[in-house]
There are 2 protein chains.
Amino acid sequence: MSPAVTPPPAASAGSTAPVRLLVCDDHAVVRAGLLALLASAGDIEVVGEASTGEEAVALAARLTPQVVLMDLQLGEGIDGVEATRRITATPGGPHVLVLTTYDTDADITRAIAAGATGYLLKAERPEELFAAVHAAARGRTVLSPPVASKVMAQMRAPLPQLTEREQDILAQLSQGLGNREIARALFISEATVKTHLGRIYDKLGVDTRAGAVAVAKERRLLR
Amino acid sequence: MSPAVTPPPAASAGSTAPVRLLVCDDHAVVRAGLLALLASAGDIEVVGEASTGEEAVALAARLTPQVVLMDLQLGEGIDGVEATRRITATPGGPHVLVLTTYDTDADITRAIAAGATGYLLKAERPEELFAAVHAAARGRTVLSPPVASKVMAQMRAPLPQLTEREQDILAQLSQGLGNREIARALFISEATVKTHLGRIYDKLGVDTRAGAVAVAKERRLLR
DNA sequence: ACCGGTGTCAGCCGATCGGCTGATGCGGGA
DNA sequence: TCCCGCATCAGCCGATCGGCTGACACCGGT
């Protein structure tokens with residue numbers, strides 16, 4: 001009749017063995033802070049830390065953690081989304097729990113599409129983080145409330161899905177180039193540039209190039 | 001003839017009395033991480049934590065820490081720069097050590113102008129953080145290497161210094177508004193808007209509104 | 001075999017933009 | 001007091017943009 005639901009650490013009936021965790025964040029101070037913080041939660045064992053996406057992928061394979069805590073913004077090399085994709089590509093691999101600063105539509109979508117099990121904001125309470133790590137270890141999805149809201153909102157109004165070409169145009173536009181220059185850069189005619197721009201305006205809900213650049217930068221629609 | 005300048009709390013021979021520190025960061029997880037991390041450095045005592053600028057200002061006055069560790073990006077209310085300004089406004093007040101993610105020109109300049117004693121990046125090694133806290137307590141300036149470089153670079157080529165009004169215009173422009181709409185929003189004539197825009201283009205080194213928005217977003221020239 | 005999505009291109013036209021010259025008023029610092 | 005930076009406004013003009021209509025070609029799925 002033992003209650004058995006609560007997690008007593010040292011007991012022999014090990015339904016509560018510490019969760020093996022890999023931490024990936026490019027900021028050394030943040031990483032060290034997370035390590036120190038997670039160490040204070042007795043039932044989590046940090047088995048490794050990575051400062052780049054490549055390192056995270058390699059360590060995930062070598063250390064076989066149950067959960068990878070992943071920041072999406074990684075300075076050098078591949079970004080957190082790509083790292084998440086590669087880590088979750090392995091069949092028996094670890095679950096990836098995204099812990100990041102931004103709740104941008106594009107980031108959330110890309111992370112989930114890449115196979116992330118959960119998406120937590122750094123603004124969350126530490127207890128939520130601990131709970132999320134355990135939830136992720138069991139494969140359960142955990143989303144921060146603001147993130148959950150965004151996801152729901154996206155269900156109703158799917159986010160601007162730009163085609164490859166439109167992203168090319170938008171990238172050039174974000175350099176401040178004129179139609180003629182964009183045309184030359186992409187080896188197409190000005191007419192085509194204007195056609196694409198019109199569709200981009202539609203999708204982003206704007207009607208000027210400045211507005212398009214603003215939305216693009218805001219919602220991080222560019223690589 | 002009592003020395004009376006240094007404030008050793010309890011110890012008699014205490015050249016290494018713990019530095020009294022206040023931590024301010026809007027992300028609960030990061031804050032908790034920093035606390036856990038700093039606790040591991042024996043000679044630093046975290047006397048309080050704040051999640052908003054207002055709270056930091058109030059706690060700085062009440063808890064009289066020697067150093068305030070300040071993030072510049074604070075979600076709600078006043079930002080880190082303003083909080084730094086208010087904290088350092090007090091004559092005998094604590095030193096402010098900025099610990100943030102970005103090494104943006106504008107952020108650095110504004111933080112230093114606001115009275116920050118040091119500017120560290122979260123990408124720095126934790127040991128650097130510990131050292132910086134102690135340095136800040138003694139009033140010494142500490143800059144992360146990339147930040148130091150930027151500061152030097154700015155000495156040579158001062159960053160685009162937009163006037164208040166130009167920032168107003170730029171803010172409207174970043175909403176994608178046309179000249180007529182900007183004029184109406186700011187209660188001025190279109191001619192004036194065009195005049196300001198021309199000067200903004202000059203200062204930012206662009207010649208289109210899309211380019212101006214791109215640079216503004218890139219270099220974080222907006223509130 | 002048809003159709004929708006995508007990418008390409010053309011021409012037209014009114015609205016807007018960007019550069020220019022020039023002018024006024026105000027405030028602060030030399 | 002004079003000058004400079006800042007903000008305000010006017011008019012002009014060529015270049016560019018944004019919206020429109022219409023067209024062709026490729027591809028993949030039904």
# chains A, B, ... in the order shown; residues from 1 in each chain; ligands from 1
>>> interface_residues(of="chain D", to="chain B", cutoff="12 Å", atoms="only C-alpha atoms (C1' of nucleotides)", output="PyMOL selection string")
chain D and resi 5-11+16-17
>>> calpha_fit_rmsd(fixed="chain A", moving="chain B")
3.7 Å
>>> atom_distance(atom1="atom C1' of DC24 of chain D", atom2="atom CA of Leu204 of chain A")
27.2 Å
>>> interface_residues(of="chain C", to="chain B", cutoff="9 Å", atoms="only C-alpha atoms (C1' of nucleotides)", output="ChimeraX atom specification")
/C:16-19
>>> atom_distance(atom1="atom CA of Val29 of chain A", atom2="atom CA of Val142 of chain B")
15.7 Å
>>> residues_around(residues="DT30 of chain D", least_positions_apart="4", cutoff="12 Å", atoms="only C-alpha atoms (C1' of nucleotides)", output="PDB file with C-alpha atoms (C1' of nucleotides), in the first residue's frame")
ATOM      1  C1'  DA C   1      -5.792  14.354 -68.399  1.00  0.00           C
ATOM      2  C1'  DC C   2      -6.901  18.014 -65.556  1.00  0.00           C
ATOM      3  C1'  DC C   3      -5.723  21.139 -61.766  1.00  0.00           C
ATOM      4  C1'  DG C   4      -3.384  23.751 -58.158  1.00  0.00           C
TER       5       DG C   4
END
>>> interface_residues(of="chain A", to="chain B", cutoff="9 Å", atoms="only C-alpha atoms", output="PyMOL selection string")
chain A and resi 26-40+101+121-127+129+173-178+206-215+217-218
>>> select_by_dssp(residues="segment 34-152 of chain B", states="strand (DSSP E)", output="list in words")
Ile44, Glu45, Val46, Val47, Gly48, Glu49, Ala50, Val67, Val68, Leu69, Met70, His95, Val96, Leu97, Val98, Leu99, Thr100, Gly118, Tyr119, Leu120, Leu121, Val142 and Leu143 of chain B
>>> select_by_dssp(residues="segment 1-222 of chain B", states="helix (DSSP H, G or I)", output="count of residues only")
109
>>> residues_around(residues="DG5 of chain C", least_positions_apart="4", cutoff="12 Å", atoms="only C-alpha atoms (C1' of nucleotides)", output="PyMOL selection string")
(chain A and resi 163) or (chain D and resi 26-29)
>>> residues_around(residues="segment 11-15 of chain C", least_positions_apart="5", cutoff="10 Å", atoms="only C-alpha atoms (C1' of nucleotides)", output="list in words")
Ala191 of chain A; DC17, DG18, DG19, DC20, DT21 and DG22 of chain D
>>> write_last_selection(atoms="N, CA and C atoms (P, O5', C5', C4', C3', O3' and C1' of nucleotides)", output="mmCIF file, in the first residue's frame")
data_model
loop_
_atom_site.group_PDB
_atom_site.id
_atom_site.type_symbol
_atom_site.label_atom_id
_atom_site.label_comp_id
_atom_site.auth_asym_id
_atom_site.auth_seq_id
_atom_site.Cartn_x
_atom_site.Cartn_y
_atom_site.Cartn_z
ATOM 1 N N ALA A 191 9.884 42.340 -63.099
ATOM 2 C CA ALA A 191 8.466 41.954 -63.055
ATOM 3 C C ALA A 191 8.262 40.799 -62.086
ATOM 4 P P DC D 17 11.983 49.954 -56.122
ATOM 5 O "O5'" DC D 17 10.471 50.142 -55.637
ATOM 6 C "C5'" DC D 17 10.212 51.142 -54.667
ATOM 7 C "C4'" DC D 17 8.737 51.250 -54.399
ATOM 8 C "C3'" DC D 17 7.993 49.932 -54.249
ATOM 9 O "O3'" DC D 17 7.135 50.053 -53.146
ATOM 10 C "C1'" DC D 17 6.939 51.253 -55.889
ATOM 11 P P DG D 18 6.596 48.707 -52.401
ATOM 12 O "O5'" DG D 18 5.101 48.631 -52.937
ATOM 13 C "C5'" DG D 18 4.235 49.721 -52.711
ATOM 14 C "C4'" DG D 18 2.854 49.444 -53.269
ATOM 15 C "C3'" DG D 18 2.394 47.984 -53.204
ATOM 16 O "O3'" DG D 18 1.053 47.970 -52.745
ATOM 17 C "C1'" DG D 18 2.372 48.756 -55.456
ATOM 18 P P DG D 19 0.138 46.651 -52.939
ATOM 19 O "O5'" DG D 19 -0.624 46.970 -54.304
ATOM 20 C "C5'" DG D 19 -1.565 48.039 -54.324
ATOM 21 C "C4'" DG D 19 -2.427 47.889 -55.557
ATOM 22 C "C3'" DG D 19 -3.070 46.514 -55.718
ATOM 23 O "O3'" DG D 19 -4.420 46.671 -56.125
ATOM 24 C "C1'" DG D 19 -1.753 47.014 -57.618
ATOM 25 P P DC D 20 -5.346 45.402 -56.268
ATOM 26 O "O5'" DC D 20 -5.385 45.138 -57.844
ATOM 27 C "C5'" DC D 20 -5.873 46.171 -58.700
ATOM 28 C "C4'" DC D 20 -5.548 45.843 -60.138
ATOM 29 C "C3'" DC D 20 -5.812 44.382 -60.534
ATOM 30 O "O3'" DC D 20 -7.103 44.262 -61.107
ATOM 31 C "C1'" DC D 20 -3.800 45.285 -61.502
ATOM 32 P P DT D 21 -7.648 42.832 -61.601
ATOM 33 O "O5'" DT D 21 -7.974 43.076 -63.146
ATOM 34 C "C5'" DT D 21 -7.238 44.043 -63.909
ATOM 35 C "C4'" DT D 21 -6.617 43.355 -65.111
ATOM 36 C "C3'" DT D 21 -7.016 41.897 -65.313
ATOM 37 O "O3'" DT D 21 -7.550 41.703 -66.609
ATOM 38 C "C1'" DT D 21 -4.661 42.122 -65.411
ATOM 39 P P DG D 22 -8.066 40.222 -67.081
ATOM 40 O "O5'" DG D 22 -6.754 39.609 -67.769
ATOM 41 C "C5'" DG D 22 -6.058 40.341 -68.758
ATOM 42 C "C4'" DG D 22 -4.788 39.603 -69.153
ATOM 43 C "C3'" DG D 22 -4.954 38.096 -69.352
ATOM 44 O "O3'" DG D 22 -4.593 37.744 -70.674
ATOM 45 C "C1'" DG D 22 -3.026 38.595 -68.091
#
>>> closest_residue(among="C:DG25, C:DC20, C:DT6, C:DA30", to="DG14 of chain D", atoms="only C-alpha atoms (C1' of nucleotides)")
C:DC20
>>> atom_distance(atom1="atom CA of Gly92 of chain A", atom2="atom CA of Pro145 of chain A")
28.8 Å
>>> closest_residue(among="B:Ala56, B:Ala89, B:Val147, B:Val133", to="Thr109 of chain B", atoms="only C-alpha atoms")
B:Val147
